[in-house]
file start12.cif (mmCIF, C-alpha atoms)
data_upload
loop_
_atom_site.label_atom_id
_atom_site.label_comp_id
_atom_site.auth_asym_id
_atom_site.auth_seq_id
_atom_site.Cartn_x
_atom_site.Cartn_y
_atom_site.Cartn_z
CA MET A 169 -15.26 -1.38 -18.47
CA ASN A 170 -12.74 1.40 -18.38
CA PRO A 171 -9.00 1.30 -17.61
CA TRP A 172 -9.58 2.07 -13.94
CA ILE A 173 -11.96 -0.83 -13.39
CA ALA A 174 -9.56 -3.09 -15.27
CA ALA A 175 -6.75 -1.89 -12.98
CA ALA A 176 -8.92 -2.60 -9.95
CA ILE A 177 -9.54 -6.15 -11.17
CA ALA A 178 -5.82 -6.57 -11.90
CA LEU A 179 -4.99 -5.51 -8.34
CA MET A 180 -7.08 -8.32 -6.83
CA PRO A 181 -4.34 -10.98 -7.18
CA ALA A 182 -2.02 -8.72 -5.20
CA LEU A 183 -4.65 -8.57 -2.48
CA PHE A 184 -4.89 -12.37 -2.39
CA LEU A 185 -1.10 -12.66 -2.18
CA CYS A 186 -1.07 -10.25 0.75
CA ALA A 187 -3.85 -12.27 2.40
CA ARG A 188 -1.69 -15.37 2.06
CA VAL A 189 1.11 -13.64 3.95
CA CYS A 190 -1.33 -12.43 6.59
CA LEU A 191 -2.74 -15.91 7.16
CA ARG A 192 0.56 -17.75 7.33
CA GLY A 193 3.95 -17.16 8.87
CA ARG A 194 5.22 -15.61 12.04
CA VAL A 195 3.67 -12.63 13.76
CA LEU A 196 5.87 -9.96 12.23
CA ASP A 197 5.50 -11.49 8.76
CA ARG A 198 1.78 -11.04 9.20
CA VAL A 199 2.22 -7.41 10.23
CA VAL A 200 4.22 -6.77 7.07
CA GLY A 201 1.49 -8.51 5.08
CA LEU A 202 -1.09 -6.29 6.75
CA GLU A 203 0.81 -3.14 5.85
CA MET A 204 1.12 -4.27 2.24
CA THR A 205 -2.59 -5.10 2.20
CA ALA A 206 -3.40 -1.58 3.35
CA ILE A 207 -1.34 -0.07 0.53
CA VAL A 208 -2.94 -2.32 -2.08
CA ALA A 209 -6.42 -1.63 -0.71
CA THR A 210 -5.79 2.12 -0.86
CA LEU A 211 -4.76 1.87 -4.51
CA LEU A 212 -7.79 -0.33 -5.17
CA LEU A 213 -10.11 2.29 -3.70
CA VAL A 214 -8.50 4.95 -5.88
CA CYS A 215 -9.15 2.79 -8.95
CA ILE A 216 -12.77 2.26 -7.93
CA ALA A 217 -13.22 5.98 -7.26
CA GLU A 218 -11.99 6.88 -10.72
CA GLY A 219 -13.69 3.97 -12.46
CA THR A 220 -17.12 4.75 -11.04
CA HIS A 221 -16.58 8.55 -11.12
CA ARG A 222 -17.51 8.85 -7.45
CA ILE A 223 -15.16 11.33 -5.84
CA ILE A 224 -16.42 10.46 -2.36
CA ILE A 225 -14.65 7.10 -2.50
CA TYR A 226 -11.39 9.03 -2.43
CA ASP A 227 -12.26 9.87 1.16
CA LEU A 228 -12.26 6.16 1.97
CA ALA A 229 -8.82 5.76 0.44
CA LEU A 230 -7.57 8.76 2.37
CA ALA A 231 -8.97 7.43 5.65
CA LEU A 232 -7.49 4.00 5.00
CA ALA A 233 -4.05 5.49 4.33
CA VAL A 234 -4.14 7.41 7.62
CA LEU A 235 -5.59 4.62 9.75
CA SER A 236 -3.33 1.93 8.34
CA PHE A 237 -0.38 4.06 9.37
CA GLY A 238 -1.69 4.25 12.91
CA GLY A 239 -2.51 0.57 13.02
CA GLY A 240 0.90 -0.45 11.76
CA LEU A 241 2.58 1.70 14.39
CA VAL A 242 0.42 0.23 17.16
CA PHE A 243 1.19 -3.33 16.08
CA ALA A 244 4.92 -2.60 15.83
CA ARG A 245 5.00 -0.94 19.24
CA PHE A 246 3.07 -3.70 20.96
CA LEU A 247 5.12 -6.46 19.35
CA GLU A 248 8.34 -4.68 20.27
CA ARG A 249 7.53 -4.18 23.93
CA TRP A 250 4.71 -6.21 25.34
CA LEU A 251 3.84 -9.21 23.19
CA MET B 1445 -8.32 8.63 -27.24
CA ILE B 1446 -4.73 9.61 -26.51
CA THR B 1447 -5.52 10.34 -22.87
CA SER B 1448 -7.12 6.91 -22.59
CA ILE B 1449 -4.00 5.27 -23.98
CA ILE B 1450 -1.70 7.23 -21.68
CA THR B 1451 -3.92 6.43 -18.69
CA SER B 1452 -3.95 2.74 -19.58
CA ILE B 1453 -0.16 2.64 -19.88
CA LEU B 1454 0.35 4.40 -16.57
CA LEU B 1455 -2.15 2.18 -14.80
CA GLY B 1456 -0.65 -0.94 -16.34
CA LEU B 1457 2.81 -0.03 -15.11
CA ALA B 1458 1.54 0.83 -11.63
CA VAL B 1459 -0.46 -2.37 -11.28
CA LEU B 1460 2.41 -4.47 -12.62
CA LEU B 1461 4.72 -2.98 -10.02
CA VAL B 1462 2.24 -3.66 -7.22
CA VAL B 1463 1.77 -7.28 -8.28
CA ILE B 1464 5.53 -7.83 -8.55
CA CYS B 1465 6.03 -6.38 -5.08
CA ALA B 1466 3.22 -8.53 -3.69
CA ILE B 1467 4.96 -11.59 -5.13
CA GLY B 1468 8.15 -10.36 -3.49
CA VAL B 1469 6.44 -10.06 -0.12
CA VAL B 1470 5.23 -13.64 -0.42
CA ALA B 1471 8.54 -14.99 -1.71
CA MET B 1472 10.81 -13.51 0.94
CA ARG B 1473 11.42 -15.52 4.09
CA ASP B 1474 12.44 -12.83 6.57
CA PRO B 1475 10.27 -9.90 7.74
CA LEU B 1476 13.12 -7.47 7.14
CA GLN B 1477 13.40 -8.64 3.54
CA ARG B 1478 9.63 -8.42 3.07
CA LEU B 1479 9.66 -4.82 4.28
CA HIS B 1480 11.70 -3.78 1.27
CA TYR B 1481 8.82 -4.60 -1.04
CA LEU B 1482 6.48 -2.13 0.65
CA ALA B 1483 8.30 0.93 -0.66
CA PRO B 1484 7.70 0.76 -4.46
CA PRO B 1485 3.90 0.54 -4.27
CA ALA B 1486 3.78 3.31 -1.67
CA THR B 1487 5.90 5.66 -3.77
CA ILE B 1488 6.21 4.76 -7.43
CA SER B 1489 2.82 3.16 -8.00
CA ILE B 1490 0.88 5.93 -6.30
CA SER B 1491 2.91 8.50 -8.27
CA LEU B 1492 1.88 6.79 -11.50
CA PHE B 1493 -1.69 6.81 -10.25
CA VAL B 1494 -1.44 10.56 -9.57
CA ILE B 1495 -0.22 11.22 -13.09
CA ALA B 1496 -3.00 9.04 -14.51
CA VAL B 1497 -5.63 10.91 -12.48
CA PHE B 1498 -4.27 14.26 -13.62
CA VAL B 1499 -4.36 13.09 -17.25
CA ASP B 1500 -7.81 11.50 -17.06
CA GLU B 1501 -9.70 13.56 -14.50
CA HIS B 1502 -10.49 17.25 -14.60
CA ASP B 1503 -12.20 17.52 -11.22
CA TRP B 1504 -10.04 19.55 -8.82
CA GLN B 1505 -11.31 17.61 -5.80
CA ALA B 1506 -10.15 14.29 -7.20
CA ARG B 1507 -6.75 15.75 -8.05
CA LEU B 1508 -6.37 17.27 -4.60
CA LYS B 1509 -7.37 14.10 -2.81
CA ILE B 1510 -5.05 11.88 -4.82
CA LEU B 1511 -2.22 14.29 -4.03
CA PHE B 1512 -3.04 13.97 -0.32
CA ILE B 1513 -2.98 10.20 -0.65
CA LEU B 1514 0.40 10.37 -2.40
CA ILE B 1515 1.87 12.55 0.34
CA LEU B 1516 0.44 10.37 3.11
CA LEU B 1517 1.55 7.07 1.64
CA SER B 1518 5.01 8.29 0.68
CA LEU B 1519 5.79 9.93 4.01
CA LEU B 1520 4.07 7.58 6.42
CA ASN B 1521 5.23 4.36 4.81
CA GLY B 1522 8.81 5.09 5.77
CA VAL B 1523 7.85 5.66 9.39
CA VAL B 1524 5.84 2.45 9.62
CA THR B 1525 8.57 0.47 7.88
CA HIS B 1526 11.15 1.77 10.32
CA ALA B 1527 8.96 0.99 13.33
CA THR B 1528 8.28 -2.54 12.08
CA ALA B 1529 11.96 -3.18 11.36
CA ARG B 1530 12.80 -1.97 14.84
CA ALA B 1531 10.26 -4.35 16.33
CA VAL B 1532 11.78 -7.22 14.33
CA VAL B 1533 15.29 -6.45 15.55
CA VAL B 1534 14.23 -6.00 19.19
CA ARG B 1535 12.34 -9.29 19.18
CA GLU B 1536 15.23 -11.14 17.54
CA ARG B 1537 17.65 -9.81 20.15
CA ALA B 1538 15.25 -10.76 22.93
CA ASN B 1539 14.92 -14.27 21.52
CA GLN B 1540 18.70 -14.60 21.23
CA GLY B 1541 19.13 -13.40 24.79
CA SER B 1542 16.64 -15.84 26.20
CA SER B 1543 17.99 -18.85 24.28
#
call {"tool": "encode", "arguments": {"input": "start12.cif", "output": "structure tokens"}}
result
Amino acid sequence: MNPWIAAAIALMPALFLCARVCLRGRVLDRVVGLEMTAIVATLLLVCIAEGTHRIIIYDLALALAVLSFGGGLVFARFLERWL
Amino acid sequence: MITSIITSILLGLAVLLVVICAIGVVAMRDPLQRLHYLAPPATISISLFVIAVFVDEHDWQARLKILFILILLSLLNGVVTHATARAVVVRERANQGSS
């Protein structure tokens, strides 16, 4: 157990809170929950990358940061215009 | 020893901020209010993580990648927040117009 793994474990409640928002509420509340989940998951992956000393996991966090941006924009655009 | 203590303090602050903001996202009732709680984790927490990585890690690849993540999260979060807020406002106006 090192500080990074402890931080990763401490971030799990935040993930569950975001899941609660994603599962309940109106559509746009869920989109906000999804965006928060992506941020928390990115930070979680950074903690795991440092805690396990596997630099390659940083690539996952990087990809998640980029793709969550695209996904959030797609959701916002669709909910604004067509849904 | 000292680097471990500094890393632990930085990580503790970052995680505390993320958990507080997650509680804020749950507690707020309106999507526009919830959006405010996305900014601190995407800027302050990741900055604390960057400092912790620079203190704890000597690998240049890890430092470079965490800097990329900081830049991406900090810049792109504002764009996504704006787009989501715009969608909220447009939908509210459409609902008011139809009712």
call {"tool": "closest_atom_pairs", "arguments": {"input": "start12.cif", "of": "chain B", "to": "chain A", "cutoff": "7 Å", "atoms": "all atoms listed in the file", "output": "JSON lines"}}
result
{"residue": "B:Ser1452", "atom": "CA", "partner": "A:Pro171", "partner_atom": "CA", "distance": 5.6}
{"residue": "B:Leu1455", "atom": "CA", "partner": "A:Ala175", "partner_atom": "CA", "distance": 6.4}
{"residue": "B:Val1459", "atom": "CA", "partner": "A:Leu179", "partner_atom": "CA", "distance": 6.2}
{"residue": "B:Val1462", "atom": "CA", "partner": "A:Ala182", "partner_atom": "CA", "distance": 6.9}
{"residue": "B:Val1463", "atom": "CA", "partner": "A:Ala182", "partner_atom": "CA", "distance": 5.1}
{"residue": "B:Ala1466", "atom": "CA", "partner": "A:Ala182", "partner_atom": "CA", "distance": 5.5}
{"residue": "B:Ile1467", "atom": "CA", "partner": "A:Leu185", "partner_atom": "CA", "distance": 6.8}
{"residue": "B:Val1470", "atom": "CA", "partner": "A:Val189", "partner_atom": "CA", "distance": 6.0}
{"residue": "B:Pro1475", "atom": "CA", "partner": "A:Asp197", "partner_atom": "CA", "distance": 5.1}
{"residue": "B:Arg1478", "atom": "CA", "partner": "A:Val200", "partner_atom": "CA", "distance": 6.9}
{"residue": "B:Leu1479", "atom": "CA", "partner": "A:Val200", "partner_atom": "CA", "distance": 6.4}
{"residue": "B:Leu1482", "atom": "CA", "partner": "A:Met204", "partner_atom": "CA", "distance": 6.0}
{"residue": "B:Ala1486", "atom": "CA", "partner": "A:Ile207", "partner_atom": "CA", "distance": 6.5}
{"residue": "B:Ala1506", "atom": "CA", "partner": "A:Ile223", "partner_atom": "CA", "distance": 6.0}
{"residue": "B:Lys1509", "atom": "CA", "partner": "A:Tyr226", "partner_atom": "CA", "distance": 6.5}
{"residue": "B:Ile1513", "atom": "CA", "partner": "A:Leu230", "partner_atom": "CA", "distance": 5.7}
{"residue": "B:Leu1516", "atom": "CA", "partner": "A:Ala233", "partner_atom": "CA", "distance": 6.7}
{"residue": "B:Leu1517", "atom": "CA", "partner": "A:Ala233", "partner_atom": "CA", "distance": 6.4}
{"residue": "B:Leu1520", "atom": "CA", "partner": "A:Phe237", "partner_atom": "CA", "distance": 6.4}
{"residue": "B:Val1524", "atom": "CA", "partner": "A:Leu241", "partner_atom": "CA", "distance": 5.8}
{"residue": "B:Ala1527", "atom": "CA", "partner": "A:Ala244", "partner_atom": "CA", "distance": 6.0}
{"residue": "B:Thr1528", "atom": "CA", "partner": "A:Ala244", "partner_atom": "CA", "distance": 5.0}
{"residue": "B:Ala1531", "atom": "CA", "partner": "A:Glu248", "partner_atom": "CA", "distance": 4.4}
{"residue": "B:Val1532", "atom": "CA", "partner": "A:Leu196", "partner_atom": "CA", "distance": 6.8}
{"residue": "B:Val1534", "atom": "CA", "partner": "A:Glu248", "partner_atom": "CA", "distance": 6.1}
{"residue": "B:Arg1535", "atom": "CA", "partner": "A:Glu248", "partner_atom": "CA", "distance": 6.2}
call {"tool": "resolve_selection", "arguments": {"input": "start12.cif", "expression": "the PyMOL selection byres ((chain B and resi 1499) around 12)", "output": "number ranges by chain"}}
result
A: 218; B: 1445-1455, 1492-1498, 1500-1503, 1506-1507
call {"tool": "atom_distance", "arguments": {"input": "start12.cif", "atom1": "CA of Leu235 (chain A)", "atom2": "CA of Leu1460 (chain B)"}}
result
25.4 Å
call {"tool": "atom_distance", "arguments": {"input": "start12.cif", "atom1": "CA of Leu1511 (chain B)", "atom2": "CA of Thr1487 (chain B)"}}
result
11.9 Å
call {"tool": "atom_distance", "arguments": {"input": "start12.cif", "atom1": "CA of Gly219 (chain A)", "atom2": "CA of Met169 (chain A)"}}
result
8.2 Å
call {"tool": "closest_residue", "arguments": {"input": "start12.cif", "among": "B:Pro1484, B:Ala1538, B:Leu1508, B:Gly1456", "to": "Trp250 (chain A)", "atoms": "all atoms listed in the file"}}
result
B:Ala1538
call {"tool": "decode", "arguments": {"input": "start12.cif", "residues": "region 219-235 of chain A", "atoms": "all heavy atoms", "output": "mmCIF file, in the first residue's frame"}}
result
data_model
loop_
_atom_site.group_PDB
_atom_site.id
_atom_site.type_symbol
_atom_site.label_atom_id
_atom_site.label_comp_id
_atom_site.auth_asym_id
_atom_site.auth_seq_id
_atom_site.Cartn_x
_atom_site.Cartn_y
_atom_site.Cartn_z
ATOM 1 N N GLY A 219 0.596 4.191 -8.609
ATOM 2 C CA GLY A 219 0.652 3.203 -7.525
ATOM 3 C C GLY A 219 1.250 1.872 -7.947
ATOM 4 O O GLY A 219 1.946 1.225 -7.173
ATOM 5 N N THR A 220 1.004 1.476 -9.182
ATOM 6 C CA THR A 220 1.523 0.209 -9.689
ATOM 7 C C THR A 220 2.800 0.397 -10.493
ATOM 8 O O THR A 220 3.380 -0.585 -10.950
ATOM 9 C CB THR A 220 0.478 -0.475 -10.572
ATOM 10 O OG1 THR A 220 0.112 0.409 -11.634
ATOM 11 C CG2 THR A 220 -0.750 -0.854 -9.772
ATOM 12 N N HIS A 221 3.231 1.673 -10.656
ATOM 13 C CA HIS A 221 4.444 1.995 -11.424
ATOM 14 C C HIS A 221 4.380 1.463 -12.850
ATOM 15 O O HIS A 221 5.380 0.970 -13.390
ATOM 16 C CB HIS A 221 5.696 1.476 -10.713
ATOM 17 C CG HIS A 221 5.886 2.065 -9.358
ATOM 18 N ND1 HIS A 221 6.250 3.383 -9.155
ATOM 19 C CD2 HIS A 221 5.716 1.525 -8.129
ATOM 20 C CE1 HIS A 221 6.311 3.620 -7.865
ATOM 21 N NE2 HIS A 221 5.996 2.510 -7.201
ATOM 22 N N ARG A 222 3.204 1.549 -13.448
ATOM 23 C CA ARG A 222 3.027 1.169 -14.848
ATOM 24 C C ARG A 222 2.689 2.431 -15.632
ATOM 25 O O ARG A 222 1.564 2.929 -15.580
ATOM 26 C CB ARG A 222 1.923 0.132 -14.988
ATOM 27 C CG ARG A 222 2.263 -1.185 -14.331
ATOM 28 C CD ARG A 222 1.173 -2.214 -14.600
ATOM 29 N NE ARG A 222 1.333 -3.365 -13.726
ATOM 30 C CZ ARG A 222 2.174 -4.370 -13.945
ATOM 31 N NH1 ARG A 222 2.938 -4.352 -15.005
ATOM 32 N NH2 ARG A 222 2.246 -5.371 -13.107
ATOM 33 N N ILE A 223 3.645 2.922 -16.361
ATOM 34 C CA ILE A 223 3.477 4.193 -17.069
ATOM 35 C C ILE A 223 2.435 4.069 -18.169
ATOM 36 O O ILE A 223 1.788 5.050 -18.541
ATOM 37 C CB ILE A 223 4.829 4.663 -17.651
ATOM 38 C CG1 ILE A 223 5.907 4.659 -16.552
ATOM 39 C CG2 ILE A 223 4.708 6.030 -18.269
ATOM 40 C CD1 ILE A 223 5.584 5.550 -15.372
ATOM 41 N N ILE A 224 2.235 2.852 -18.680
ATOM 42 C CA ILE A 224 1.319 2.676 -19.805
ATOM 43 C C ILE A 224 -0.123 3.006 -19.417
ATOM 44 O O ILE A 224 -0.933 3.361 -20.273
ATOM 45 C CB ILE A 224 1.445 1.240 -20.374
ATOM 46 C CG1 ILE A 224 0.839 1.172 -21.771
ATOM 47 C CG2 ILE A 224 0.811 0.220 -19.435
ATOM 48 C CD1 ILE A 224 1.210 -0.033 -22.546
ATOM 49 N N ILE A 225 -0.445 2.912 -18.141
ATOM 50 C CA ILE A 225 -1.812 3.223 -17.713
ATOM 51 C C ILE A 225 -2.101 4.711 -17.856
ATOM 52 O O ILE A 225 -3.262 5.133 -17.949
ATOM 53 C CB ILE A 225 -2.046 2.720 -16.272
ATOM 54 C CG1 ILE A 225 -1.869 1.205 -16.225
ATOM 55 C CG2 ILE A 225 -3.430 3.082 -15.771
ATOM 56 C CD1 ILE A 225 -2.015 0.593 -14.852
ATOM 57 N N TYR A 226 -1.043 5.520 -17.903
ATOM 58 C CA TYR A 226 -1.245 6.939 -18.191
ATOM 59 C C TYR A 226 -1.910 7.142 -19.549
ATOM 60 O O TYR A 226 -2.666 8.092 -19.742
ATOM 61 C CB TYR A 226 0.090 7.688 -18.188
ATOM 62 C CG TYR A 226 0.530 8.160 -16.833
ATOM 63 C CD1 TYR A 226 1.612 7.578 -16.191
ATOM 64 C CD2 TYR A 226 -0.126 9.202 -16.192
ATOM 65 C CE1 TYR A 226 2.024 8.015 -14.954
ATOM 66 C CE2 TYR A 226 0.274 9.638 -14.952
ATOM 67 C CZ TYR A 226 1.355 9.047 -14.338
ATOM 68 O OH TYR A 226 1.759 9.480 -13.116
ATOM 69 N N ASP A 227 -1.601 6.238 -20.491
ATOM 70 C CA ASP A 227 -2.214 6.353 -21.814
ATOM 71 C C ASP A 227 -3.729 6.162 -21.724
ATOM 72 O O ASP A 227 -4.483 6.807 -22.461
ATOM 73 C CB ASP A 227 -1.622 5.319 -22.769
ATOM 74 C CG ASP A 227 -0.148 5.533 -23.001
ATOM 75 O OD1 ASP A 227 0.318 6.667 -22.785
ATOM 76 O OD2 ASP A 227 0.546 4.576 -23.401
ATOM 77 N N LEU A 228 -4.169 5.292 -20.843
ATOM 78 C CA LEU A 228 -5.608 5.104 -20.646
ATOM 79 C C LEU A 228 -6.253 6.382 -20.111
ATOM 80 O O LEU A 228 -7.327 6.795 -20.555
ATOM 81 C CB LEU A 228 -5.867 3.954 -19.678
ATOM 82 C CG LEU A 228 -5.548 2.549 -20.166
ATOM 83 C CD1 LEU A 228 -5.766 1.558 -19.036
ATOM 84 C CD2 LEU A 228 -6.407 2.192 -21.350
ATOM 85 N N ALA A 229 -5.582 6.991 -19.140
ATOM 86 C CA ALA A 229 -6.123 8.229 -18.571
ATOM 87 C C ALA A 229 -6.176 9.333 -19.611
ATOM 88 O O ALA A 229 -7.140 10.098 -19.683
ATOM 89 C CB ALA A 229 -5.264 8.670 -17.377
ATOM 90 N N LEU A 230 -5.148 9.386 -20.439
ATOM 91 C CA LEU A 230 -5.102 10.389 -21.508
ATOM 92 C C LEU A 230 -6.232 10.162 -22.511
ATOM 93 O O LEU A 230 -6.942 11.102 -22.908
ATOM 94 C CB LEU A 230 -3.739 10.286 -22.196
ATOM 95 C CG LEU A 230 -3.150 11.520 -22.872
ATOM 96 C CD1 LEU A 230 -3.079 12.675 -21.916
ATOM 97 C CD2 LEU A 230 -1.770 11.190 -23.400
ATOM 98 N N ALA A 231 -6.418 8.904 -22.907
ATOM 99 C CA ALA A 231 -7.481 8.579 -23.862
ATOM 100 C C ALA A 231 -8.851 8.879 -23.271
ATOM 101 O O ALA A 231 -9.741 9.396 -23.957
ATOM 102 C CB ALA A 231 -7.389 7.107 -24.274
ATOM 103 N N LEU A 232 -9.030 8.573 -22.007
ATOM 104 C CA LEU A 232 -10.311 8.838 -21.351
ATOM 105 C C LEU A 232 -10.595 10.335 -21.298
ATOM 106 O O LEU A 232 -11.730 10.767 -21.513
ATOM 107 C CB LEU A 232 -10.318 8.241 -19.953
ATOM 108 C CG LEU A 232 -11.601 8.426 -19.150
ATOM 109 C CD1 LEU A 232 -12.786 7.782 -19.849
ATOM 110 C CD2 LEU A 232 -11.453 7.852 -17.755
ATOM 111 N N ALA A 233 -9.578 11.130 -21.019
ATOM 112 C CA ALA A 233 -9.773 12.578 -20.956
ATOM 113 C C ALA A 233 -10.222 13.118 -22.318
ATOM 114 O O ALA A 233 -11.132 13.959 -22.403
ATOM 115 C CB ALA A 233 -8.486 13.263 -20.517
ATOM 116 N N VAL A 234 -9.600 12.613 -23.383
ATOM 117 C CA VAL A 234 -9.941 13.097 -24.726
ATOM 118 C C VAL A 234 -11.342 12.621 -25.130
ATOM 119 O O VAL A 234 -12.176 13.396 -25.608
ATOM 120 C CB VAL A 234 -8.893 12.611 -25.751
ATOM 121 C CG1 VAL A 234 -9.322 12.956 -27.158
ATOM 122 C CG2 VAL A 234 -7.540 13.235 -25.452
ATOM 123 N N LEU A 235 -11.595 11.327 -24.919
ATOM 124 C CA LEU A 235 -12.868 10.772 -25.388
ATOM 125 C C LEU A 235 -14.056 11.245 -24.557
ATOM 126 O O LEU A 235 -15.169 11.385 -25.084
ATOM 127 C CB LEU A 235 -12.791 9.244 -25.386
ATOM 128 C CG LEU A 235 -11.802 8.667 -26.409
ATOM 129 C CD1 LEU A 235 -11.684 7.165 -26.235
ATOM 130 C CD2 LEU A 235 -12.233 9.016 -27.819
#
